[in-house]
Structures are given as C-alpha cells and as structure tokens.
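Chemist: Structure: target_0.pdb, PDB, C-alpha atoms and all ligand atoms.
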```pdb
ATOM      1  CA  MET R  20     -20.799  19.356   7.291
ATOM      2  CA  SER R  21     -17.447  17.729   8.059
ATOM      3  CA  SER R  22     -15.757  18.091  11.412
ATOM      4  CA  LEU R  23     -12.933  20.585  11.794
ATOM      5  CA  ILE R  24      -9.154  20.063  11.823
ATOM      6  CA  PRO R  25      -6.773  22.442  13.707
ATOM      7  CA  VAL R  26      -4.358  23.708  11.033
ATOM      8  CA  LEU R  27      -1.212  25.793  11.575
ATOM      9  CA  GLU R  28       0.350  25.830   8.124
ATOM     10  CA  ILE R  29      -0.535  24.983   4.549
ATOM     11  CA  PHE R  30       2.373  25.479   2.144
ATOM     12  CA  GLY R  31       4.058  24.303  -1.030
ATOM     13  CA  PRO R  32       4.672  23.019  -3.519
ATOM     14  CA  THR R  33       8.102  22.184  -2.138
ATOM     15  CA  ILE R  34      10.230  19.068  -1.942
ATOM     16  CA  GLN R  35       9.732  16.475   0.741
ATOM     17  CA  GLY R  36      12.997  17.019   2.612
ATOM     18  CA  GLU R  37      12.974  13.823   4.648
ATOM     19  CA  GLY R  38      12.615  10.083   4.564
ATOM     20  CA  MET R  39      11.081   7.549   2.213
ATOM     21  CA  VAL R  40      10.027   9.934  -0.580
ATOM     22  CA  ILE R  41      12.774  12.549  -0.160
ATOM     23  CA  GLY R  42      12.806  14.888  -3.160
ATOM     24  CA  GLN R  43       9.136  14.277  -4.004
ATOM     25  CA  LYS R  44       7.251  17.415  -5.004
ATOM     26  CA  THR R  45       4.554  17.887  -2.374
ATOM     27  CA  MET R  46       2.278  20.304  -0.546
ATOM     28  CA  PHE R  47       2.282  20.334   3.282
ATOM     29  CA  VAL R  48      -0.552  20.541   5.779
ATOM     30  CA  ARG R  49       0.670  20.996   9.358
ATOM     31  CA  THR R  50      -1.791  20.279  12.163
ATOM     32  CA  ALA R  51      -1.624  21.721  15.689
ATOM     33  CA  GLY R  52      -1.120  19.695  18.855
ATOM     34  CA  CYS R  53       1.236  16.933  19.955
ATOM     35  CA  ASP R  54       1.195  14.303  22.700
ATOM     36  CA  TYR R  55       5.034  14.501  22.857
ATOM     37  CA  ARG R  56       7.375  17.345  23.868
ATOM     38  CA  CYS R  57      10.661  16.392  22.161
ATOM     39  CA  SER R  58      13.601  18.400  23.549
ATOM     40  CA  TRP R  59      14.781  19.242  20.032
ATOM     41  CA  CYS R  60      11.443  19.516  18.180
ATOM     42  CA  ASP R  61      11.864  21.759  15.136
ATOM     43  CA  SER R  62       8.104  22.395  15.069
ATOM     44  CA  ALA R  63       7.554  23.181  18.750
ATOM     45  CA  PHE R  64       5.212  26.012  17.772
ATOM     46  CA  THR R  65       2.626  23.302  17.029
ATOM     47  CA  TRP R  66       2.361  22.430  20.731
ATOM     48  CA  ASP R  67       4.147  24.993  22.974
ATOM     49  CA  GLY R  68       1.411  27.655  22.813
ATOM     50  CA  SER R  69       3.563  30.191  20.936
ATOM     51  CA  ALA R  70       1.374  29.969  17.797
ATOM     52  CA  LYS R  71      -1.982  29.259  19.438
ATOM     53  CA  ASP R  72      -3.537  32.376  17.894
ATOM     54  CA  ASP R  73      -2.556  31.152  14.414
ATOM     55  CA  ILE R  74      -4.501  27.892  14.628
ATOM     56  CA  VAL R  75      -7.346  27.813  12.087
ATOM     57  CA  MET R  76     -10.137  25.249  12.449
ATOM     58  CA  MET R  77     -10.753  24.005   8.903
ATOM     59  CA  SER R  78     -13.000  21.428   7.279
ATOM     60  CA  PRO R  79     -11.368  18.952   4.865
ATOM     61  CA  GLU R  80     -13.078  20.833   2.010
ATOM     62  CA  GLU R  81     -11.584  24.154   3.155
ATOM     63  CA  ILE R  82      -8.122  22.572   3.436
ATOM     64  CA  TYR R  83      -8.433  21.187  -0.090
ATOM     65  CA  GLU R  84      -9.592  24.590  -1.399
ATOM     66  CA  GLN R  85      -6.603  26.307   0.198
ATOM     67  CA  LEU R  86      -4.193  23.713  -1.175
ATOM     68  CA  VAL R  87      -5.536  24.419  -4.668
ATOM     69  CA  GLU R  88      -5.488  28.178  -4.079
ATOM     70  CA  ILE R  89      -1.787  28.044  -3.138
ATOM     71  CA  GLY R  90      -0.573  25.181  -5.344
ATOM     72  CA  GLY R  91      -2.873  25.550  -8.359
ATOM     73  CA  LYS R  92      -2.552  22.508 -10.597
ATOM     74  CA  ALA R  93       1.159  22.119  -9.831
ATOM     75  CA  PHE R  94       0.843  19.247  -7.338
ATOM     76  CA  ASN R  95      -0.563  15.751  -6.925
ATOM     77  CA  HIS R  96       0.969  14.843  -3.556
ATOM     78  CA  VAL R  97       0.186  16.179  -0.073
ATOM     79  CA  THR R  98       2.155  15.521   3.124
ATOM     80  CA  ILE R  99       0.318  15.817   6.426
ATOM     81  CA  SER R 100       2.566  16.557   9.393
ATOM     82  CA  GLY R 101       2.350  18.328  12.726
ATOM     83  CA  GLY R 102       2.433  18.162  15.702
ATOM     84  CA  ASN R 103       0.981  14.687  15.683
ATOM     85  CA  PRO R 104      -1.759  14.393  13.040
ATOM     86  CA  ALA R 105      -2.586  10.938  14.414
ATOM     87  CA  LEU R 106      -4.285  12.658  17.362
ATOM     88  CA  LEU R 107      -7.064  13.646  14.938
ATOM     89  CA  LYS R 108      -9.777  11.170  14.021
ATOM     90  CA  ASN R 109     -11.127  13.355  11.205
ATOM     91  CA  ILE R 110      -7.894  13.351   9.149
ATOM     92  CA  GLY R 111      -9.518  10.303   7.519
ATOM     93  CA  GLU R 112     -12.059  12.570   5.792
ATOM     94  CA  LEU R 113      -9.253  14.758   4.411
ATOM     95  CA  VAL R 114      -7.360  11.705   3.139
ATOM     96  CA  GLN R 115     -10.519  10.460   1.407
ATOM     97  CA  LEU R 116     -11.173  13.854  -0.200
ATOM     98  CA  LEU R 117      -7.582  14.100  -1.483
ATOM     99  CA  HIS R 118      -7.770  10.569  -2.898
ATOM    100  CA  GLU R 119     -11.050  11.438  -4.661
ATOM    101  CA  ASN R 120      -9.083  14.212  -6.378
ATOM    102  CA  ASP R 121      -6.264  11.835  -7.455
ATOM    103  CA  ILE R 122      -3.833  13.230  -4.904
ATOM    104  CA  LYS R 123      -1.426  10.915  -3.078
ATOM    105  CA  VAL R 124      -1.113  11.393   0.674
ATOM    106  CA  ALA R 125       1.967  11.077   2.883
ATOM    107  CA  LEU R 126       1.869  11.425   6.660
ATOM    108  CA  GLU R 127       4.422  11.900   9.439
ATOM    109  CA  THR R 128       3.757  10.623  12.958
ATOM    110  CA  GLN R 129       5.799   9.303  15.868
ATOM    111  CA  GLY R 130       3.777   6.077  16.212
ATOM    112  CA  SER R 131       2.215   6.841  19.606
ATOM    113  CA  LYS R 132      -1.453   6.810  18.520
ATOM    114  CA  TRP R 133      -3.561   4.578  16.308
ATOM    115  CA  GLN R 134      -6.191   5.766  13.833
ATOM    116  CA  ASP R 135      -8.032   3.491  11.382
ATOM    117  CA  TRP R 136      -7.225   5.886   8.509
ATOM    118  CA  LEU R 137      -3.465   5.160   8.882
ATOM    119  CA  THR R 138      -3.936   2.174   6.540
ATOM    120  CA  GLU R 139      -5.129   4.582   3.804
ATOM    121  CA  ILE R 140      -1.910   6.662   3.729
ATOM    122  CA  ASP R 141       0.196   6.214   0.570
ATOM    123  CA  ASP R 142       3.597   7.078   2.130
ATOM    124  CA  LEU R 143       3.492   6.565   5.892
ATOM    125  CA  THR R 144       6.511   7.602   7.977
ATOM    126  CA  ILE R 145       6.689   6.447  11.577
ATOM    127  CA  SER R 146       9.366   8.259  13.551
ATOM    128  CA  PRO R 147       9.875   6.808  17.052
ATOM    129  CA  LYS R 148      11.860   9.073  19.310
ATOM    130  CA  PRO R 149      15.396   8.261  20.595
ATOM    131  CA  PRO R 150      16.726   9.044  24.117
ATOM    132  CA  SER R 151      17.963  12.565  23.226
ATOM    133  CA  SER R 152      14.317  13.621  22.717
ATOM    134  CA  GLU R 153      13.636  12.817  26.418
ATOM    135  CA  MET R 154      10.480  10.933  25.335
ATOM    136  CA  ASP R 155       9.705   7.279  26.126
ATOM    137  CA  THR R 156       8.579   4.898  23.390
ATOM    138  CA  ASN R 157       5.537   2.734  24.119
ATOM    139  CA  PHE R 158       6.707  -0.383  22.256
ATOM    140  CA  SER R 159       3.379  -2.111  22.669
ATOM    141  CA  ILE R 160       1.536   0.685  20.804
ATOM    142  CA  LEU R 161       4.324   0.987  18.200
ATOM    143  CA  GLY R 162       4.431  -2.777  17.533
ATOM    144  CA  ASP R 163       0.655  -2.976  17.241
ATOM    145  CA  LEU R 164       0.592   0.008  14.852
ATOM    146  CA  LEU R 165       3.316  -1.465  12.605
ATOM    147  CA  GLU R 166       1.516  -4.827  12.513
ATOM    148  CA  ARG R 167      -1.686  -3.113  11.400
ATOM    149  CA  VAL R 168      -0.044  -1.103   8.580
ATOM    150  CA  LYS R 169       2.228  -3.893   7.350
ATOM    151  CA  ASN R 170       0.446  -4.134   4.003
ATOM    152  CA  SER R 171       0.809  -0.392   3.371
ATOM    153  CA  SER R 172       3.786   1.622   2.140
ATOM    154  CA  VAL R 173       5.421   2.365   5.488
ATOM    155  CA  SER R 174       8.860   3.330   6.756
ATOM    156  CA  LEU R 175      10.585   3.904  10.075
ATOM    157  CA  LYS R 176      12.745   7.005  10.478
ATOM    158  CA  VAL R 177      14.857   7.639  13.583
ATOM    159  CA  VAL R 178      16.477  11.030  14.128
ATOM    160  CA  VAL R 179      20.000  10.563  15.519
ATOM    161  CA  PHE R 180      21.960  13.100  17.598
ATOM    162  CA  ASP R 181      24.475  10.865  19.399
ATOM    163  CA  GLU R 182      25.649   7.320  20.097
ATOM    164  CA  ASP R 183      22.776   6.525  22.485
ATOM    165  CA  ASP R 184      20.334   7.501  19.739
ATOM    166  CA  LEU R 185      22.175   5.203  17.346
ATOM    167  CA  THR R 186      21.857   2.307  19.804
ATOM    168  CA  TYR R 187      18.120   3.053  20.003
ATOM    169  CA  ALA R 188      17.897   3.197  16.185
ATOM    170  CA  LYS R 189      19.527  -0.242  15.956
ATOM    171  CA  LYS R 190      17.064  -1.633  18.490
ATOM    172  CA  ILE R 191      14.122  -0.325  16.430
ATOM    173  CA  HIS R 192      15.582  -1.756  13.194
ATOM    174  CA  LYS R 193      16.178  -5.133  14.834
ATOM    175  CA  LEU R 194      12.620  -5.269  16.223
ATOM    176  CA  TYR R 195      11.037  -4.476  12.832
ATOM    177  CA  PRO R 196      13.559  -5.693  10.219
ATOM    178  CA  ASP R 197      10.961  -5.887   7.436
ATOM    179  CA  VAL R 198      10.077  -2.178   7.595
ATOM    180  CA  ALA R 199      12.165   0.164   5.387
ATOM    181  CA  PHE R 200      14.531   1.901   7.788
ATOM    182  CA  TYR R 201      15.979   5.423   7.708
ATOM    183  CA  VAL R 202      18.273   7.330  10.034
ATOM    184  CA  GLN R 203      18.194  11.113   9.805
ATOM    185  CA  VAL R 204      20.619  13.782  10.964
ATOM    186  CA  GLY R 205      19.332  15.707  13.994
ATOM    187  CA  ASN R 206      19.335  19.506  13.930
ATOM    188  CA  ASP R 207      20.307  20.798  17.385
ATOM    189  CA  ASP R 208      20.155  24.481  16.400
ATOM    190  CA  THR R 209      16.580  25.053  15.220
ATOM    191  CA  THR R 210      16.528  28.837  15.755
ATOM    192  CA  THR R 211      19.754  30.130  14.157
ATOM    193  CA  GLU R 212      19.455  32.286  11.043
ATOM    194  CA  ASP R 213      23.132  31.745  10.178
ATOM    195  CA  ASP R 214      22.525  29.290   7.323
ATOM    196  CA  GLN R 215      26.196  28.802   6.360
ATOM    197  CA  MET R 216      27.174  27.884   9.931
ATOM    198  CA  LEU R 217      24.138  25.595  10.272
ATOM    199  CA  ILE R 218      24.743  23.866   6.948
ATOM    200  CA  SER R 219      28.409  23.134   7.621
ATOM    201  CA  LYS R 220      27.530  21.801  11.093
ATOM    202  CA  LEU R 221      24.761  19.575   9.676
ATOM    203  CA  LEU R 222      26.984  18.261   6.884
ATOM    204  CA  ALA R 223      29.669  17.330   9.442
ATOM    205  CA  LYS R 224      27.009  15.486  11.458
ATOM    206  CA  TYR R 225      25.810  13.754   8.287
ATOM    207  CA  GLU R 226      29.350  12.545   7.611
ATOM    208  CA  TRP R 227      29.584  11.275  11.205
ATOM    209  CA  LEU R 228      26.272   9.413  10.834
ATOM    210  CA  ILE R 229      27.336   7.879   7.511
ATOM    211  CA  ASP R 230      30.621   6.672   9.098
ATOM    212  CA  GLN R 231      28.765   5.085  12.019
ATOM    213  CA  VAL R 232      26.372   3.186   9.757
ATOM    214  CA  MET R 233      29.059   2.115   7.251
ATOM    215  CA  ASN R 234      31.127   0.495   9.994
ATOM    216  CA  ASP R 235      28.248  -1.383  11.615
ATOM    217  CA  ASP R 236      27.259  -4.874  10.452
ATOM    218  CA  GLU R 237      23.841  -4.527  12.140
ATOM    219  CA  MET R 238      22.982  -1.675   9.779
ATOM    220  CA  ASN R 239      23.497  -3.114   6.317
ATOM    221  CA  ASN R 240      19.970  -2.332   5.165
ATOM    222  CA  VAL R 241      19.721   1.252   6.346
ATOM    223  CA  ARG R 242      19.335   4.520   4.447
ATOM    224  CA  VAL R 243      21.172   7.516   5.865
ATOM    225  CA  LEU R 244      19.653  10.915   5.089
ATOM    226  CA  PRO R 245      20.028  14.585   5.957
ATOM    227  CA  GLN R 246      17.040  16.930   6.298
ATOM    228  CA  LEU R 247      17.346  18.192   2.745
ATOM    229  CA  HIS R 248      15.089  21.220   3.222
ATOM    230  CA  THR R 249      17.296  22.440   6.089
ATOM    231  CA  LEU R 250      20.378  22.226   3.863
ATOM    232  CA  VAL R 251      18.592  24.343   1.241
ATOM    233  CA  TRP R 252      16.598  26.814   3.365
ATOM    234  CA  GLY R 253      18.022  26.576   6.905
ATOM    235  CA  ASN R 254      15.442  26.932   9.696
ATOM    236  CA  LYS R 255      12.993  28.901   7.545
ATOM    237  CA  ARG R 256       9.339  28.008   8.207
ATOM    238  CA  GLY R 257       6.854  27.071   5.488
ATOM    239  CA  VAL R 258       9.312  25.448   3.044
TER
HETATM  240  C1  LIG W   1       7.987  17.912  13.406
HETATM  241  S1  LIG W   1       7.731  16.188  13.277
HETATM  242  C2  LIG W   1       5.956  16.068  13.110
HETATM  243  C3  LIG W   1       5.455  14.647  12.961
HETATM  244  C4  LIG W   1       5.510  13.764  14.189
HETATM  245  N1  LIG W   1       5.193  14.459  15.380
HETATM  246  C5  LIG W   1       6.883  13.122  14.307
HETATM  247  O1  LIG W   1       7.655  13.560  15.148
HETATM  248  O2  LIG W   1       7.129  12.182  13.571
HETATM  249  C6  LIG W   1       8.280  15.803  11.592
HETATM  250  C7  LIG W   1       9.610  15.119  11.505
HETATM  251  O3  LIG W   1      10.613  16.020  11.909
HETATM  252  C8  LIG W   1      11.567  15.337  12.683
HETATM  253  N2  LIG W   1      12.271  16.309  13.499
HETATM  254  C9  LIG W   1      11.745  17.114  14.437
HETATM  255  N3  LIG W   1      12.678  17.903  14.988
HETATM  256  C10 LIG W   1      13.847  17.598  14.383
HETATM  257  C11 LIG W   1      15.191  18.067  14.521
HETATM  258  N4  LIG W   1      15.522  19.020  15.409
HETATM  259  N5  LIG W   1      16.145  17.519  13.715
HETATM  260  C12 LIG W   1      15.812  16.559  12.823
HETATM  261  N6  LIG W   1      14.568  16.074  12.638
HETATM  262  C13 LIG W   1      13.601  16.588  13.411
HETATM  263  C14 LIG W   1      10.723  14.355  13.473
HETATM  264  O4  LIG W   1      11.481  13.293  14.006
HETATM  265  C15 LIG W   1       9.756  13.893  12.408
HETATM  266  O5  LIG W   1      10.320  12.826  11.697
HETATM  267  N1  LIG W   2      10.398  20.509   2.842
HETATM  268  C1  LIG W   2      10.007  19.963   4.007
HETATM  269  N2  LIG W   2      10.123  18.628   4.179
HETATM  270  C2  LIG W   2       9.666  18.111   5.350
HETATM  271  N3  LIG W   2       9.621  16.809   5.707
HETATM  272  C3  LIG W   2       9.055  16.695   6.933
HETATM  273  C4  LIG W   2       8.726  17.962   7.373
HETATM  274  C5  LIG W   2       7.990  18.164   8.638
HETATM  275  O1  LIG W   2       8.171  19.190   9.282
HETATM  276  O2  LIG W   2       7.231  17.292   9.001
HETATM  277  C6  LIG W   2       9.113  18.871   6.377
HETATM  278  C7  LIG W   2       9.047  20.293   6.204
HETATM  279  O3  LIG W   2       8.631  21.074   7.047
HETATM  280  N4  LIG W   2       9.497  20.761   4.992
HETATM  281  S1  LIG W   3       6.654  14.081  18.263
HETATM  282 FE1  LIG W   3       7.111  15.325  16.458
HETATM  283  S2  LIG W   3       5.907  17.224  16.661
HETATM  284 FE2  LIG W   3       5.789  16.130  18.614
HETATM  285  S3  LIG W   3       7.374  17.100  19.832
HETATM  286 FE3  LIG W   3       8.334  15.326  18.859
HETATM  287  S4  LIG W   3       9.203  16.022  16.884
HETATM  288 FE4  LIG W   3       7.799  17.605  17.671
HETATM  289 MG    MG W   4      10.103  19.781   9.771
END
```
Go through the file and emit its structure as structure tokens.
Ligand SMILES: C[S@@+](CC[C@H](N)C(=O)[O-])C[C@H]1O[C@@H](n2cnc3c(N)ncnc32)[C@H](O)[C@@H]1O
Ligand SMILES: Nc1nc2[nH]cc(C(=O)O)c2c(=O)[nH]1
Ligand code: SF4
Ligand SMILES: [Mg+2]

Modeler:
Amino acid sequence: MSSLIPVLEIFGPTIQGEGMVIGQKTMFVRTAGCDYRCSWCDSAFTWDGSAKDDIVMMSPEEIYEQLVEIGGKAFNHVTISGGNPALLKNIGELVQLLHENDIKVALETQGSKWQDWLTEIDDLTISPKPPSSEMDTNFSILGDLLERVKNSSVSLKVVVFDEDDLTYAKKIHKLYPDVAFYVQVGNDDTTTEDDQMLISKLLAKYEWLIDQVMNDDEMNNVRVLPQLHTLVWGNKRGV
C-alpha cells in the first residue's frame, strides 16, 4: 500500500495558464500545505486552515483513478501544484505511476525544498518569491536545487507586482542565466468576482510589465506572461 498524499483539488482538463508550457492541455492536482505564507497567495486555502476539512488523504493510485474519472481519455499531461508539493516525499510514487501510464508531469514549487523526485518532472517550474510576497529566499537551497535539476526541463518564474519585485527578478535571472526565465503579472485582487474590472486591471499591469522588460538591456532573454486562466475565468477556483 502506498503512502498517502494530502489533496485539496483535482480538476481539468484545462489549459496551463502560466509559465513554460502555457496553453498546454492539462489536469491539475493541488496538494495541501505550504512552508511559505505569501502576502498575495492566490491559493491561500491550501495553507491558511480555511479548507482544512476538504483535505482528502489519497494514495497515488486513488489520485490516478480520480484523474481518469474526471478527465476520461482526454488528457496526457498532469500539473501538480499546491501549496508546496515539494514538502511531500511520496509525490515521487505519483510521478512514477503517471509516467507508467504515458502521462507527462509538470510541477510548480517555490524552490524552498529539495526532493529526489524533482529530477523526474517533465516540466518543472521554480517560482522564487519577490519582496512583495514578504517571504525571504534561501539562495543556498535555491542554487543547490537548480544545480541538481540542470539536466531536466526547468524554468524560473517570478511574479512581479512592482519595481522592487522587478529588481529581484533581474537578480534571479542574473544568478541563473542558463535557466529559461519568465516574469508573470501579479494579481493583487484574488477575491473579487468582478471579472471585467479584474481583467482590465490585469491587462494594464501586463502592459506595464512588458514596457519595463522591453526597455531593460538586462532582460533581453525574458518571457513576459499574464496568468492566462485569470484572464479567461477570473478568480474562479478549479479551472
Ligand atoms: C499557488 S502557487 C503553488 C506552487 C508553489 N507554492 C509556488 O508558489 O510556486 C502556483 C503559482 O501561482 C503563483 N501565484 C500565486 N499567487 C499569485 C498571484 N496573486 N498573482 C500571480 N501569481 C500568483 C505562484 O507564484 C506560483 O508560480
Ligand atoms: N489553469 C490554471 N493554470 C495554472 N497554472 C498554475 C496554477 C496554480 O495554481 O498552480 C494554475 C491554475 O490553478 N489553473
Ligand atoms: S509559496 Fe506558493 S502556495 Fe505557498 S504561499 Fe506562496 S504562492 Fe502560495
Ligand atoms: Mg493558481
């Protein structure tokens, strides 16, 4: 019997709305628990206790069964996010099971914890947190992690809210110039249900971020992205 994984959401198929495989058709598995408390976290329910009664302890086999129950045959890509899935040693068993079923696996983590299974991920996104998050980056852990996954398909993605975040993003890019680098628009209104207001605000921020990067000779090899799912579905959960 495999060990159990704390799961908060399984949904899809949908598009990957962020980062290195934006637009990719994928299922999502969202784990509970995070070692960070980002001020603007759009998935705070994974760690703030508000959804603690919704956490289901599932074996990798049960997760795979539910993915198939929801997605049928209409997927071959699964994204694991959280919370921080890298807190969980047994994600490795889930990754192995998905690979055995010819499913590619993406994973989102902030780069604060190492797990040996990180080298097995097909699309690995590391998202270190800028000053606006009020979290501190442990550069020793981050550097070690990036060194150990350097032969995998890996990217760095920094969410940017303001100029200080942009300075931080540049520092990250300069430290690890060989890792594909993305900056992403930050959503500072993660509870509103007014989609039109949210979308026009986020598009204005996207234009601001594009302008900043275009005018900066230290960011010639940078990809600038919105959170595509937010532009389509606003703050809706499970999409
Ligand atoms: C909810 S996190 C879960 C994975 C992991 N804890 C992390 O932060 O990378 C998934 C992605 O959403 C991003 N994110 C979280 N809140 C956001 C917000 N308010 N605006 C834009 N991106 C956000 C994170 O930076 C991360 O890249
Ligand atoms: N469509 C969609 N794309 C995403 N990319 C990263 C997400 C996340 O919350 O980790 C996410 C999400 O929740 N939905
Ligand atoms: S690291 Fe990710 S899940 Fe954790 S608080 Fe920050 S954005 Fe949220
Ligand atoms: Mg999200």

Chemist: I want to know what sits within 12 Å of Phe158 (chain R), based on only C-alpha atoms, with residues of the same chain fewer than 6 positions away left out; could you give that as a PyMOL selection string?

Modeler: chain R and resi 129-132+147-148+164-166+190-191+194-195

Chemist: Quick check on the file I pasted: which residues fall under the PyMOL selection byres (((chain R and resi 200-216) around 9) and not hetatm)? Write them as a short mmCIF file (atom, residue, chain, number, x, y, z; two decimals) with C-alpha atoms, in the frame of the given file.

Modeler:
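As a result, selection02.cif now contains:
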```cif
data_model
loop_
_atom_site.label_atom_id
_atom_site.label_comp_id
_atom_site.auth_asym_id
_atom_site.auth_seq_id
_atom_site.Cartn_x
_atom_site.Cartn_y
_atom_site.Cartn_z
CA GLU R 37 12.97 13.82 4.65
CA GLY R 38 12.62 10.08 4.56
CA MET R 39 11.08 7.55 2.21
CA TRP R 59 14.78 19.24 20.03
CA CYS R 60 11.44 19.52 18.18
CA ASP R 61 11.86 21.76 15.14
CA SER R 62 8.10 22.40 15.07
CA SER R 174 8.86 3.33 6.76
CA LEU R 175 10.58 3.90 10.07
CA LYS R 176 12.74 7.00 10.48
CA VAL R 177 14.86 7.64 13.58
CA VAL R 178 16.48 11.03 14.13
CA VAL R 179 20.00 10.56 15.52
CA PHE R 180 21.96 13.10 17.60
CA ASP R 181 24.48 10.86 19.40
CA LEU R 185 22.18 5.20 17.35
CA ALA R 188 17.90 3.20 16.18
CA ILE R 191 14.12 -0.32 16.43
CA HIS R 192 15.58 -1.76 13.19
CA TYR R 195 11.04 -4.48 12.83
CA PRO R 196 13.56 -5.69 10.22
CA ASP R 197 10.96 -5.89 7.44
CA VAL R 198 10.08 -2.18 7.60
CA ALA R 199 12.16 0.16 5.39
CA LEU R 217 24.14 25.60 10.27
CA ILE R 218 24.74 23.87 6.95
CA SER R 219 28.41 23.13 7.62
CA LYS R 220 27.53 21.80 11.09
CA LEU R 221 24.76 19.58 9.68
CA LEU R 222 26.98 18.26 6.88
CA LYS R 224 27.01 15.49 11.46
CA TYR R 225 25.81 13.75 8.29
CA LEU R 228 26.27 9.41 10.83
CA ASN R 240 19.97 -2.33 5.16
CA VAL R 241 19.72 1.25 6.35
CA ARG R 242 19.34 4.52 4.45
CA VAL R 243 21.17 7.52 5.86
CA LEU R 244 19.65 10.92 5.09
CA PRO R 245 20.03 14.58 5.96
CA GLN R 246 17.04 16.93 6.30
CA THR R 249 17.30 22.44 6.09
CA LEU R 250 20.38 22.23 3.86
CA VAL R 251 18.59 24.34 1.24
CA TRP R 252 16.60 26.81 3.36
CA GLY R 253 18.02 26.58 6.90
CA ASN R 254 15.44 26.93 9.70
CA LYS R 255 12.99 28.90 7.54
#
```

Chemist: Please determine, counting all atoms listed in the file, which residue among R:Pro79, R:Gly42, R:Pro150, R:Pro25 has the shortest atom-to-atom distance to Leu113 (chain R).

Modeler: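 Of R:Pro79, R:Gly42, R:Pro150, R:Pro25, the one nearest Leu113 (chain R) is R:Pro79, counting all atoms listed in the file.
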
Chemist: Would you mind listing the residues within 6 Å of ligand LIG 3 (chain W), counting only C-alpha atoms and all ligand atoms, as a ChimeraX atom specification?

Modeler: /R:53,55-57,60,62-63,101-103,129

Chemist: Could you tell me how far atom C12 of ligand LIG 1 (chain W) sits from CA of Asp163 (chain R), in Å to one decimal place?

Modeler: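 Interatomic distance, CA of Asp163 (chain R) to atom C12 of ligand LIG 1 (chain W): 25.1 Å.
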
Chemist: Check which residues fall inside 6 Å of ligand LIG 2 (chain W) when counting all atoms listed in the file, and print them as a PyMOL selection string.

Modeler: chain R and resi 33-37+100+248+258

Chemist: Place a sphere of radius 12 Å on (-2.6, 24.6, -4.2) in the file coordinates and name every protein, DNA or RNA residue with an atom inside or on its surface, counting only C-alpha atoms; give the answer as a PyMOL selection string.

Modeler: chain R and resi 29-33+45-48+81-97+117+122

Chemist: Please produce region 234-255 of chain R, completed to N, CA and C atoms, as a PDB file, in the frame of the given file.

Modeler:
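In the end it all went to part_19.pdb:
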```pdb
ATOM      1  N   ASN R 234      30.256   1.394   9.237  1.00  0.00           N
ATOM      2  CA  ASN R 234      31.127   0.495   9.994  1.00  0.00           C
ATOM      3  C   ASN R 234      30.363  -0.499  10.862  1.00  0.00           C
ATOM      4  N   ASP R 235      29.058  -0.581  10.694  1.00  0.00           N
ATOM      5  CA  ASP R 235      28.248  -1.383  11.615  1.00  0.00           C
ATOM      6  C   ASP R 235      27.525  -2.513  10.873  1.00  0.00           C
ATOM      7  N   ASP R 236      27.856  -3.757  11.197  1.00  0.00           N
ATOM      8  CA  ASP R 236      27.259  -4.874  10.452  1.00  0.00           C
ATOM      9  C   ASP R 236      25.788  -5.125  10.830  1.00  0.00           C
ATOM     10  N   GLU R 237      25.282  -4.417  11.825  1.00  0.00           N
ATOM     11  CA  GLU R 237      23.841  -4.527  12.140  1.00  0.00           C
ATOM     12  C   GLU R 237      23.024  -3.514  11.335  1.00  0.00           C
ATOM     13  N   MET R 238      23.715  -2.701  10.535  1.00  0.00           N
ATOM     14  CA  MET R 238      22.982  -1.675   9.779  1.00  0.00           C
ATOM     15  C   MET R 238      23.332  -1.736   8.291  1.00  0.00           C
ATOM     16  N   ASN R 239      23.183  -2.942   7.734  1.00  0.00           N
ATOM     17  CA  ASN R 239      23.497  -3.114   6.317  1.00  0.00           C
ATOM     18  C   ASN R 239      22.343  -2.724   5.409  1.00  0.00           C
ATOM     19  N   ASN R 240      21.142  -2.630   5.991  1.00  0.00           N
ATOM     20  CA  ASN R 240      19.970  -2.332   5.165  1.00  0.00           C
ATOM     21  C   ASN R 240      19.309  -1.032   5.628  1.00  0.00           C
ATOM     22  N   VAL R 241      20.154  -0.018   5.768  1.00  0.00           N
ATOM     23  CA  VAL R 241      19.721   1.252   6.346  1.00  0.00           C
ATOM     24  C   VAL R 241      20.003   2.378   5.362  1.00  0.00           C
ATOM     25  N   ARG R 242      19.095   3.332   5.278  1.00  0.00           N
ATOM     26  CA  ARG R 242      19.335   4.520   4.447  1.00  0.00           C
ATOM     27  C   ARG R 242      19.625   5.714   5.359  1.00  0.00           C
ATOM     28  N   VAL R 243      20.702   6.411   5.027  1.00  0.00           N
ATOM     29  CA  VAL R 243      21.172   7.516   5.865  1.00  0.00           C
ATOM     30  C   VAL R 243      20.873   8.828   5.142  1.00  0.00           C
ATOM     31  N   LEU R 244      20.069   9.684   5.772  1.00  0.00           N
ATOM     32  CA  LEU R 244      19.653  10.915   5.089  1.00  0.00           C
ATOM     33  C   LEU R 244      19.840  12.165   5.949  1.00  0.00           C
ATOM     34  N   PRO R 245      20.104  13.291   5.276  1.00  0.00           N
ATOM     35  CA  PRO R 245      20.028  14.585   5.957  1.00  0.00           C
ATOM     36  C   PRO R 245      18.578  15.085   5.891  1.00  0.00           C
ATOM     37  N   GLN R 246      18.298  16.218   6.546  1.00  0.00           N
ATOM     38  CA  GLN R 246      17.040  16.930   6.298  1.00  0.00           C
ATOM     39  C   GLN R 246      17.343  17.867   5.137  1.00  0.00           C
ATOM     40  N   LEU R 247      16.946  17.465   3.946  1.00  0.00           N
ATOM     41  CA  LEU R 247      17.346  18.192   2.745  1.00  0.00           C
ATOM     42  C   LEU R 247      16.857  19.640   2.735  1.00  0.00           C
ATOM     43  N   HIS R 248      15.644  19.850   3.213  1.00  0.00           N
ATOM     44  CA  HIS R 248      15.089  21.220   3.222  1.00  0.00           C
ATOM     45  C   HIS R 248      15.909  22.147   4.117  1.00  0.00           C
ATOM     46  N   THR R 249      16.478  21.604   5.197  1.00  0.00           N
ATOM     47  CA  THR R 249      17.296  22.440   6.089  1.00  0.00           C
ATOM     48  C   THR R 249      18.606  22.828   5.402  1.00  0.00           C
ATOM     49  N   LEU R 250      19.144  21.907   4.598  1.00  0.00           N
ATOM     50  CA  LEU R 250      20.378  22.226   3.863  1.00  0.00           C
ATOM     51  C   LEU R 250      20.122  23.303   2.808  1.00  0.00           C
ATOM     52  N   VAL R 251      18.901  23.351   2.283  1.00  0.00           N
ATOM     53  CA  VAL R 251      18.592  24.343   1.241  1.00  0.00           C
ATOM     54  C   VAL R 251      18.118  25.671   1.836  1.00  0.00           C
ATOM     55  N   TRP R 252      17.251  25.591   2.864  1.00  0.00           N
ATOM     56  CA  TRP R 252      16.598  26.814   3.365  1.00  0.00           C
ATOM     57  C   TRP R 252      16.872  27.113   4.844  1.00  0.00           C
ATOM     58  N   GLY R 253      17.763  26.355   5.480  1.00  0.00           N
ATOM     59  CA  GLY R 253      18.022  26.576   6.905  1.00  0.00           C
ATOM     60  C   GLY R 253      16.770  26.320   7.738  1.00  0.00           C
ATOM     61  N   ASN R 254      16.579  27.132   8.782  1.00  0.00           N
ATOM     62  CA  ASN R 254      15.442  26.932   9.696  1.00  0.00           C
ATOM     63  C   ASN R 254      14.178  27.670   9.275  1.00  0.00           C
ATOM     64  N   LYS R 255      14.162  28.166   8.037  1.00  0.00           N
ATOM     65  CA  LYS R 255      12.993  28.901   7.545  1.00  0.00           C
ATOM     66  C   LYS R 255      11.718  28.060   7.684  1.00  0.00           C
TER      67      LYS R 255
END
```
